[in-house]
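Student: Structure: model_16.cif, mmCIF, C-alpha atoms.
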data_start
loop_
_atom_site.label_atom_id
_atom_site.label_comp_id
_atom_site.auth_asym_id
_atom_site.auth_seq_id
_atom_site.Cartn_x
_atom_site.Cartn_y
_atom_site.Cartn_z
CA MET A 1 -39.94 38.93 72.01
CA ILE A 2 -36.61 38.20 70.31
CA SER A 3 -36.74 37.85 66.53
CA GLY A 4 -34.23 37.04 63.82
CA SER A 5 -31.21 34.75 63.95
CA LEU A 6 -30.64 33.01 67.27
CA VAL A 7 -27.52 30.85 67.28
CA ALA A 8 -27.54 27.48 69.04
CA LEU A 9 -23.98 28.04 70.21
CA VAL A 10 -21.41 25.25 70.42
CA THR A 11 -19.42 24.88 73.63
CA PRO A 12 -15.76 25.11 72.54
CA MET A 13 -13.43 22.63 74.18
CA HIS A 14 -9.75 21.82 74.33
CA ARG A 15 -8.65 18.46 72.97
CA ASP A 16 -8.92 16.93 76.44
CA GLY A 17 -12.60 17.93 76.62
CA ALA A 18 -12.17 20.83 79.05
CA VAL A 19 -14.25 23.91 78.24
CA ASP A 20 -12.20 26.51 76.36
CA TRP A 21 -13.31 29.69 78.10
CA ASP A 22 -11.22 32.02 75.94
CA ALA A 23 -12.64 30.56 72.73
CA LEU A 24 -16.15 30.86 74.16
CA GLN A 25 -15.61 34.55 74.80
CA ARG A 26 -14.28 35.05 71.26
CA LEU A 27 -17.29 33.29 69.76
CA VAL A 28 -19.71 35.51 71.66
CA GLU A 29 -17.85 38.64 70.53
CA TRP A 30 -17.96 37.39 66.94
CA HIS A 31 -21.73 36.90 67.10
CA VAL A 32 -22.21 40.38 68.51
CA ALA A 33 -20.14 41.82 65.66
CA GLU A 34 -21.90 39.75 62.97
CA GLY A 35 -25.42 40.77 63.96
CA THR A 36 -26.73 37.60 65.60
CA ASN A 37 -29.86 38.52 67.54
CA ALA A 38 -29.54 36.08 70.45
CA ILE A 39 -27.41 33.22 71.74
CA VAL A 40 -28.75 29.93 73.02
CA ALA A 41 -26.15 28.70 75.51
CA VAL A 42 -25.86 25.00 76.37
CA GLY A 43 -28.65 23.69 74.22
CA THR A 44 -28.16 20.30 72.59
CA THR A 45 -25.69 21.88 70.13
CA GLY A 46 -23.79 23.11 73.20
CA GLU A 47 -23.39 19.50 74.42
CA SER A 48 -25.73 19.90 77.38
CA ALA A 49 -25.90 16.12 77.67
CA THR A 50 -22.22 15.81 78.65
CA LEU A 51 -21.62 18.97 80.69
CA ASN A 52 -22.12 18.55 84.40
CA VAL A 53 -24.42 20.95 86.23
CA ASP A 54 -21.61 23.22 87.44
CA GLU A 55 -20.14 23.46 83.92
CA HIS A 56 -23.59 23.96 82.41
CA LEU A 57 -24.31 26.97 84.60
CA ALA A 58 -20.76 28.31 84.28
CA VAL A 59 -21.06 28.38 80.47
CA ILE A 60 -24.38 30.21 80.67
CA LYS A 61 -22.88 32.70 83.13
CA ALA A 62 -19.81 33.25 80.92
CA VAL A 63 -21.96 33.90 77.85
CA ILE A 64 -24.14 36.38 79.79
CA LYS A 65 -21.06 38.18 81.11
CA THR A 66 -19.44 38.48 77.67
CA ALA A 67 -22.66 39.43 75.90
CA ALA A 68 -23.10 42.22 78.48
CA GLY A 69 -26.60 43.02 77.31
CA ARG A 70 -25.62 43.51 73.67
CA LEU A 71 -27.73 40.55 72.63
CA ALA A 72 -30.14 38.29 74.45
CA VAL A 73 -28.95 35.06 76.08
CA ILE A 74 -31.28 32.07 76.22
CA ALA A 75 -30.22 29.24 78.51
CA GLY A 76 -30.82 25.63 77.60
CA THR A 77 -32.39 24.15 80.74
CA GLY A 78 -34.40 21.17 79.50
CA ALA A 79 -34.20 17.74 81.10
CA ASN A 80 -36.16 14.50 81.10
CA SER A 81 -36.79 15.00 84.81
CA THR A 82 -39.25 17.78 85.57
CA SER A 83 -37.63 18.55 88.92
CA GLU A 84 -34.19 18.79 87.28
CA ALA A 85 -35.55 21.10 84.56
CA ILE A 86 -37.07 23.32 87.25
CA ALA A 87 -33.79 23.45 89.15
CA LEU A 88 -31.77 24.33 86.02
CA THR A 89 -34.32 26.92 84.91
CA ARG A 90 -34.35 28.54 88.35
CA ALA A 91 -30.55 28.65 88.41
CA ALA A 92 -30.40 30.18 84.91
CA ALA A 93 -32.91 32.85 85.95
CA GLU A 94 -30.83 33.68 89.02
CA ILE A 95 -27.65 34.22 86.98
CA GLY A 96 -29.40 36.56 84.54
CA ALA A 97 -30.54 34.61 81.48
CA ASP A 98 -33.15 36.44 79.39
CA ALA A 99 -35.14 33.27 78.70
CA CYS A 100 -34.83 29.49 78.84
CA LEU A 101 -35.13 26.85 76.12
CA LEU A 102 -36.65 23.57 77.31
CA VAL A 103 -36.36 20.49 75.13
CA THR A 104 -39.07 17.87 75.43
CA PRO A 105 -38.20 15.11 77.93
CA TYR A 106 -36.18 12.51 76.06
CA TYR A 107 -36.07 8.72 76.30
CA ASN A 108 -38.84 8.29 78.90
CA LYS A 109 -41.42 9.20 76.18
CA PRO A 110 -44.17 11.00 78.10
CA THR A 111 -47.72 11.19 76.79
CA GLN A 112 -49.12 14.45 75.47
CA GLU A 113 -50.72 15.01 78.88
CA GLY A 114 -47.35 14.35 80.51
CA LEU A 115 -45.73 16.94 78.25
CA PHE A 116 -48.42 19.47 79.12
CA GLN A 117 -48.01 18.88 82.85
CA HIS A 118 -44.18 18.97 82.58
CA TYR A 119 -44.11 22.39 80.94
CA LYS A 120 -46.95 23.73 83.09
CA ALA A 121 -45.03 22.76 86.23
CA ILE A 122 -41.83 24.50 85.09
CA ALA A 123 -43.70 27.64 84.05
CA GLU A 124 -45.47 27.81 87.41
CA ALA A 125 -42.23 27.23 89.33
CA VAL A 126 -40.02 29.83 87.59
CA ALA A 127 -41.21 33.20 86.26
CA ILE A 128 -38.57 33.57 83.51
CA PRO A 129 -39.79 33.56 79.86
CA GLN A 130 -39.69 30.00 78.53
CA ILE A 131 -39.39 28.55 75.03
CA LEU A 132 -40.63 25.05 74.30
CA TYR A 133 -38.46 22.89 72.05
CA ASN A 134 -39.77 20.04 69.93
CA VAL A 135 -37.13 17.97 68.14
CA PRO A 136 -38.58 14.46 67.77
CA GLY A 137 -35.67 13.22 65.69
CA ARG A 138 -33.39 13.61 68.72
CA THR A 139 -35.68 12.99 71.69
CA GLY A 140 -37.95 10.14 70.63
CA VAL A 141 -41.03 12.15 71.63
CA ASP A 142 -43.13 14.46 69.46
CA MET A 143 -45.13 17.26 71.07
CA GLN A 144 -48.24 17.67 68.97
CA ASN A 145 -49.50 21.07 67.85
CA ALA A 146 -52.64 20.66 69.96
CA THR A 147 -50.50 20.28 73.09
CA VAL A 148 -48.52 23.40 72.21
CA ALA A 149 -51.80 25.27 71.74
CA ARG A 150 -52.91 24.21 75.24
CA LEU A 151 -49.70 25.67 76.66
CA ALA A 152 -49.95 28.89 74.65
CA GLY A 153 -52.12 30.58 77.26
CA THR A 154 -49.49 30.19 79.98
CA PRO A 155 -48.13 33.72 80.58
CA ASN A 156 -44.40 32.98 80.67
CA ILE A 157 -44.38 30.32 77.94
CA VAL A 158 -43.54 32.75 75.18
CA ALA A 159 -42.40 30.65 72.20
CA ILE A 160 -41.64 27.26 70.70
CA LYS A 161 -38.70 26.06 68.66
CA ASP A 162 -40.14 23.72 66.05
CA ALA A 163 -37.39 21.51 64.66
CA THR A 164 -39.64 19.15 62.70
CA GLY A 165 -38.81 20.77 59.35
CA ASP A 166 -42.43 20.23 58.31
CA LEU A 167 -43.65 23.50 56.79
CA GLU A 168 -47.31 22.50 56.64
CA ARG A 169 -47.22 21.51 60.28
CA GLY A 170 -45.43 24.78 61.04
CA ARG A 171 -48.09 26.77 59.18
CA GLU A 172 -50.79 25.04 61.24
CA LEU A 173 -48.87 25.70 64.47
CA ILE A 174 -48.51 29.42 63.73
CA ALA A 175 -52.26 29.63 63.12
CA LEU A 176 -53.10 27.65 66.26
CA VAL A 177 -51.06 29.77 68.65
CA ASP A 178 -52.24 32.93 66.81
CA GLY A 179 -50.05 35.53 68.48
CA ARG A 180 -50.18 33.93 71.93
CA MET A 181 -46.60 32.68 71.52
CA ALA A 182 -43.84 33.07 68.97
CA VAL A 183 -42.79 30.22 66.71
CA TYR A 184 -39.12 29.77 65.84
CA SER A 185 -37.74 27.39 63.28
CA GLY A 186 -35.23 24.85 64.51
CA ASP A 187 -34.49 23.53 61.03
CA ASP A 188 -31.99 25.60 59.04
CA ALA A 189 -32.96 24.14 55.68
CA THR A 190 -36.57 25.38 55.92
CA ALA A 191 -36.14 28.28 58.35
CA HIS A 192 -36.52 31.18 55.92
CA GLU A 193 -39.67 29.62 54.49
CA LEU A 194 -41.20 29.20 57.96
CA ILE A 195 -40.36 32.82 58.78
CA LEU A 196 -42.10 33.89 55.57
CA LEU A 197 -45.14 31.99 56.89
CA GLY A 198 -45.08 33.95 60.14
CA ALA A 199 -42.37 32.48 62.37
CA LYS A 200 -40.33 35.02 64.32
CA GLY A 201 -36.85 33.66 63.67
CA ASN A 202 -34.53 30.69 63.52
CA ILE A 203 -32.63 28.95 66.32
CA SER A 204 -29.75 27.94 64.11
CA VAL A 205 -26.83 25.55 63.88
CA THR A 206 -25.64 27.11 60.60
CA ALA A 207 -25.34 30.50 62.34
CA ASN A 208 -22.36 29.08 64.25
CA VAL A 209 -20.27 29.27 61.08
CA ALA A 210 -22.15 31.83 58.96
CA PRO A 211 -23.63 34.25 61.50
CA GLY A 212 -23.75 37.34 59.30
CA ILE A 213 -25.40 35.59 56.38
CA MET A 214 -27.97 33.88 58.60
CA ALA A 215 -28.81 37.20 60.24
CA ARG A 216 -29.44 38.71 56.80
CA VAL A 217 -31.53 35.75 55.63
CA CYS A 218 -33.74 36.03 58.71
CA ALA A 219 -34.01 39.80 58.45
CA ALA A 220 -35.15 39.60 54.82
CA ALA A 221 -37.69 36.89 55.61
CA LEU A 222 -39.06 38.87 58.55
CA LYS A 223 -39.62 41.80 56.19
CA GLY A 224 -41.54 39.49 53.85
CA ASP A 225 -38.88 39.85 51.16
CA ALA A 226 -39.03 36.29 49.87
CA GLU A 227 -36.83 36.91 46.82
CA THR A 228 -33.94 38.32 48.88
CA ALA A 229 -34.29 35.71 51.63
CA ARG A 230 -34.15 32.87 49.12
CA ALA A 231 -31.23 34.40 47.22
CA LEU A 232 -29.22 34.88 50.42
CA ASN A 233 -30.04 31.36 51.56
CA ALA A 234 -29.05 29.68 48.28
CA PRO A 235 -25.27 29.50 49.01
CA LEU A 236 -26.07 27.97 52.42
CA VAL A 237 -28.10 25.00 51.18
CA ALA A 238 -25.18 22.54 51.22
CA LEU A 239 -24.11 23.85 54.63
CA HIS A 240 -27.60 23.32 56.10
CA ARG A 241 -27.40 19.72 54.85
CA ASP A 242 -23.80 18.80 55.57
CA LEU A 243 -23.66 20.22 59.09
CA PHE A 244 -25.78 17.15 59.85
CA ILE A 245 -23.65 14.66 57.89
CA GLU A 246 -22.91 13.16 61.31
CA SER A 247 -24.71 13.85 64.58
CA ASN A 248 -24.86 17.50 65.60
CA PRO A 249 -22.64 19.11 66.89
CA ILE A 250 -19.87 16.91 65.43
CA PRO A 251 -19.77 18.59 61.97
CA VAL A 252 -20.27 22.17 63.16
CA LYS A 253 -17.51 21.91 65.75
CA TRP A 254 -15.14 20.52 63.15
CA ALA A 255 -16.19 23.30 60.73
CA LEU A 256 -15.39 25.95 63.34
CA HIS A 257 -12.02 24.30 63.90
CA GLU A 258 -11.38 24.33 60.14
CA MET A 259 -12.18 28.05 60.21
CA GLY A 260 -9.59 28.54 62.97
CA ARG A 261 -12.10 29.57 65.63
CA ILE A 262 -12.00 26.63 68.07
CA ASP A 263 -9.94 23.57 68.93
CA THR A 264 -11.12 20.04 68.07
CA GLY A 265 -12.40 19.17 71.54
CA ILE A 266 -15.67 17.25 71.81
CA ARG A 267 -16.87 14.93 74.56
CA LEU A 268 -17.51 11.23 74.32
CA PRO A 269 -19.65 9.52 73.23
CA LEU A 270 -19.35 12.05 70.38
CA THR A 271 -16.12 11.96 68.40
CA VAL A 272 -14.33 14.28 65.98
CA LEU A 273 -15.79 14.33 62.45
CA SER A 274 -14.83 11.28 60.39
CA GLU A 275 -12.20 11.76 57.69
CA SER A 276 -14.68 10.70 54.97
CA CYS A 277 -17.08 13.50 55.96
CA ARG A 278 -14.58 16.35 56.06
CA GLU A 279 -14.39 17.26 52.39
CA PRO A 280 -18.18 17.67 51.99
CA VAL A 281 -18.25 19.99 55.01
CA ARG A 282 -15.20 21.88 53.75
CA ALA A 283 -16.82 22.27 50.31
CA ALA A 284 -20.06 23.53 51.88
CA LEU A 285 -18.12 26.11 53.89
CA ARG A 286 -16.44 27.32 50.71
CA GLN A 287 -19.74 27.48 48.82
CA ALA A 288 -21.17 29.59 51.66
CA GLY A 289 -18.19 31.94 51.37
CA VAL A 290 -17.00 31.46 54.94
CA LEU A 291 -13.84 29.48 54.12
CA SER A 292 -11.29 30.36 51.47
#
Translate the structure described by the file into structure tokens.

Tutor:
Amino acid sequence: MISGSLVALVTPMHRDGAVDWDALQRLVEWHVAEGTNAIVAVGTTGESATLNVDEHLAVIKAVIKTAAGRLAVIAGTGANSTSEAIALTRAAAEIGADACLLVTPYYNKPTQEGLFQHYKAIAEAVAIPQILYNVPGRTGVDMQNATVARLAGTPNIVAIKDATGDLERGRELIALVDGRMAVYSGDDATAHELILLGAKGNISVTANVAPGIMARVCAAALKGDAETARALNAPLVALHRDLFIESNPIPVKWALHEMGRIDTGIRLPLTVLSESCREPVRAALRQAGVLS
């Protein structure tokens, strides 16, 4: 299973909202060069909510083509319709994704049994390795650890991205699944600590702008080198915080633009980062050493 720093990649866009395919290719090449271990294409950070199905699959295909086997590509294929999630997951498998990331169904607020049946149905329908994704702050639904443990015996459900940021809950989850699936952090601020507790890596927003540093933080934590992991993470603390000063991916896309890597394009209802939020993000980039 993939371990280390897995970037939740933005989808670069021109100012009119069209996907910037050249910038996407450059970002993938940058992550290869910087030591990122895997790319998550068209997750929530990749604006999956506003890409149509053709665009969604085209971005995944473009990332796979550019990566060319040099790092793993995980396709975001979650939906709040089980049949739609199956269709997206099947399509991602057909175009060569290494695994799929499936966010919990949002807005319709299924029960824990509904979540279990949703993921069970997708796993039975498509043989590709699948990663569960629990981010209650975005979806309005919280998949409990006991539900994850029920799913852990399903052969192709291989991992979960836990974006709760709750280290005690994460510790319990790692013990519950006990080697039957990997646990990834989905919270940059606590990721290195969760890895030190036994998680296998971090699906990261911060890695969009500081890929090399995040790769080193994760590598140190995976070795159990707490002192080095914490020292490497220290300059990133403000970045972990301020990349969420407005809704993700608003700040991280603006940060990448400030770094000269992408244009300012973002799709409504999201808008370009507010003027009042720009200096904190700029200062955090400088503190991390990724902007002069």

Student: With all atoms listed in the file counted and 6 Å as the cut-off, give the residues of stretch 104-222 of chain A in contact with stretch 5-19 of chain A, each with its shortest interatomic distance in Å and the pair that gives it, as a Markdown table.

Tutor:
| residue | atom | partner | partner_atom | distance |
| --- | --- | --- | --- | --- |
| A:Gly201 | CA | A:Ser5 | CA | 5.8 |
| A:Asn202 | CA | A:Ser5 | CA | 5.3 |
| A:Ile203 | CA | A:Leu6 | CA | 4.6 |
| A:Ser204 | CA | A:Val7 | CA | 4.8 |
| A:Val205 | CA | A:Ala8 | CA | 5.6 |
| A:Ala207 | CA | A:Val7 | CA | 5.4 |
| A:Ala215 | CA | A:Ser5 | CA | 5.1 |
| A:Cys218 | CA | A:Ser5 | CA | 6.0 |

Student: Would you write out, as a Markdown table, a table of all residues in stretch 98-147 of chain A that have an atom no more than 12 Å from an atom of stretch 29-41 of chain A, listing for each the closest atom pair and the distance in Å to one decimal, considering only C-alpha atoms and ordering rows by chain and rising residue number?

Tutor:
| residue | atom | partner | partner_atom | distance |
| --- | --- | --- | --- | --- |
| A:Asp98 | CA | A:Ala38 | CA | 9.6 |
| A:Ala99 | CA | A:Val40 | CA | 9.2 |
| A:Cys100 | CA | A:Val40 | CA | 8.4 |
| A:Leu101 | CA | A:Val40 | CA | 7.7 |
| A:Leu102 | CA | A:Val40 | CA | 11.0 |
| A:Ile131 | CA | A:Val40 | CA | 10.9 |

Student: Between atom CA of A:Ile174 and atom CA of A:Lys161, what is the distance, to one decimal in Å?

Tutor: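 Straight-line distance from atom CA of A:Ile174 to atom CA of A:Lys161 works out to 11.5 Å.
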
Student: Write out as a list in words the residues lying within 6 Å of stretch 162-168 of chain A, counting all atoms listed in the file and excluding same-chain residues fewer than 3 positions away.

Tutor: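 The neighbour list is Asn134, Val135, Arg171, Ser185, Gly186 and Asp187 of chain A.
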
Student: For A:Leu222, list every protein, DNA or RNA residue within 8 Å, evaluated using all atoms listed in the file, and leave out those in the same chain fewer than 6 positions away; present the list as a list in words.

Tutor: Gly4, Ile195, Leu196, Gly198, Lys200 and Gly201 of chain A

Student: I'd like the contact shell of A:Ile95 - 10 Å cut-off, all atoms listed in the file, skipping same-chain residues fewer than 2 positions apart - returned as a list in words.

Tutor: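 My list of contacting residues is Leu57, Ala58, Ile60, Lys61, Ala62, Ile64, Lys65, Arg90, Ala91, Ala92, Ala93, Ala97 and Asp98 of chain A.
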
Student: For A:Gly289, list every protein, DNA or RNA residue within 10 Å, evaluated using all atoms listed in the file, and leave out those in the same chain fewer than 3 positions away; present the list as number ranges by chain.

Tutor: A: 210, 213, 235-236, 283-286, 292

Student: Selected by the PyMOL selection byres ((chain A and resi 126) around 12) in the shown coordinates: which residues, as a short mmCIF file (atom, residue, chain, number, x, y, z; two decimals) with C-alpha atoms, in the frame of the given file?

Tutor:
data_model
loop_
_atom_site.label_atom_id
_atom_site.label_comp_id
_atom_site.auth_asym_id
_atom_site.auth_seq_id
_atom_site.Cartn_x
_atom_site.Cartn_y
_atom_site.Cartn_z
CA THR A 77 -32.39 24.15 80.74
CA SER A 83 -37.63 18.55 88.92
CA ALA A 85 -35.55 21.10 84.56
CA ILE A 86 -37.07 23.32 87.25
CA ALA A 87 -33.79 23.45 89.15
CA LEU A 88 -31.77 24.33 86.02
CA THR A 89 -34.32 26.92 84.91
CA ARG A 90 -34.35 28.54 88.35
CA ALA A 91 -30.55 28.65 88.41
CA ALA A 92 -30.40 30.18 84.91
CA ALA A 93 -32.91 32.85 85.95
CA GLU A 94 -30.83 33.68 89.02
CA ALA A 99 -35.14 33.27 78.70
CA CYS A 100 -34.83 29.49 78.84
CA TYR A 119 -44.11 22.39 80.94
CA LYS A 120 -46.95 23.73 83.09
CA ALA A 121 -45.03 22.76 86.23
CA ILE A 122 -41.83 24.50 85.09
CA ALA A 123 -43.70 27.64 84.05
CA GLU A 124 -45.47 27.81 87.41
CA ALA A 125 -42.23 27.23 89.33
CA ALA A 127 -41.21 33.20 86.26
CA ILE A 128 -38.57 33.57 83.51
CA PRO A 129 -39.79 33.56 79.86
CA GLN A 130 -39.69 30.00 78.53
CA PRO A 155 -48.13 33.72 80.58
CA ASN A 156 -44.40 32.98 80.67
CA ILE A 157 -44.38 30.32 77.94
#

Student: Calculated over only C-alpha atoms, which of the candidates A:Val53, A:Leu132, A:Ala234, A:Val141 has the smallest distance to A:Asn108?

Tutor: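 Counting only C-alpha atoms, the residue closest to A:Asn108 is A:Val141.
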
Student: Apply the PyMOL selection byres ((chain A and resi 263-269) around 12) to the structure shown and report the selected residues as a VMD selection string.

Tutor: chain A and resid 10 to 24 45 to 52 247 to 262 270 to 273

Student: Please evaluate the PyMOL selection byres ((chain A and resi 277) around 10) against the structure above and give the resulting residues as a PDB file with C-alpha atoms, keeping the file's coordinate frame.

Tutor:
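Saved file part_13.pdb follows:
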ATOM      1  CA  ASP A 242     -23.800  18.800  55.570  1.00  0.00           C
ATOM      2  CA  LEU A 243     -23.660  20.220  59.090  1.00  0.00           C
ATOM      3  CA  ILE A 245     -23.650  14.660  57.890  1.00  0.00           C
ATOM      4  CA  GLU A 246     -22.910  13.160  61.310  1.00  0.00           C
ATOM      5  CA  PRO A 251     -19.770  18.590  61.970  1.00  0.00           C
ATOM      6  CA  LEU A 273     -15.790  14.330  62.450  1.00  0.00           C
ATOM      7  CA  SER A 274     -14.830  11.280  60.390  1.00  0.00           C
ATOM      8  CA  GLU A 275     -12.200  11.760  57.690  1.00  0.00           C
ATOM      9  CA  SER A 276     -14.680  10.700  54.970  1.00  0.00           C
ATOM     10  CA  ARG A 278     -14.580  16.350  56.060  1.00  0.00           C
ATOM     11  CA  GLU A 279     -14.390  17.260  52.390  1.00  0.00           C
ATOM     12  CA  PRO A 280     -18.180  17.670  51.990  1.00  0.00           C
ATOM     13  CA  VAL A 281     -18.250  19.990  55.010  1.00  0.00           C
ATOM     14  CA  ARG A 282     -15.200  21.880  53.750  1.00  0.00           C
TER      15      ARG A 282
END

Student: May I have the protein, DNA and RNA residues with any atom at most 7 Å from the point (-36.2, 38.8, 74.5), counting all atoms listed in the file, written as a PDB file with C-alpha atoms, keeping the file's coordinate frame?

Tutor:
ATOM      1  CA  MET A   1     -39.940  38.930  72.010  1.00  0.00           C
ATOM      2  CA  ILE A   2     -36.610  38.200  70.310  1.00  0.00           C
ATOM      3  CA  ALA A  72     -30.140  38.290  74.450  1.00  0.00           C
ATOM      4  CA  ASP A  98     -33.150  36.440  79.390  1.00  0.00           C
TER       5      ASP A  98
END

Student: How far is it from atom CA of A:Leu194 to atom CA of A:Ala182, in Å with one decimal?

Tutor: 12.0 Å
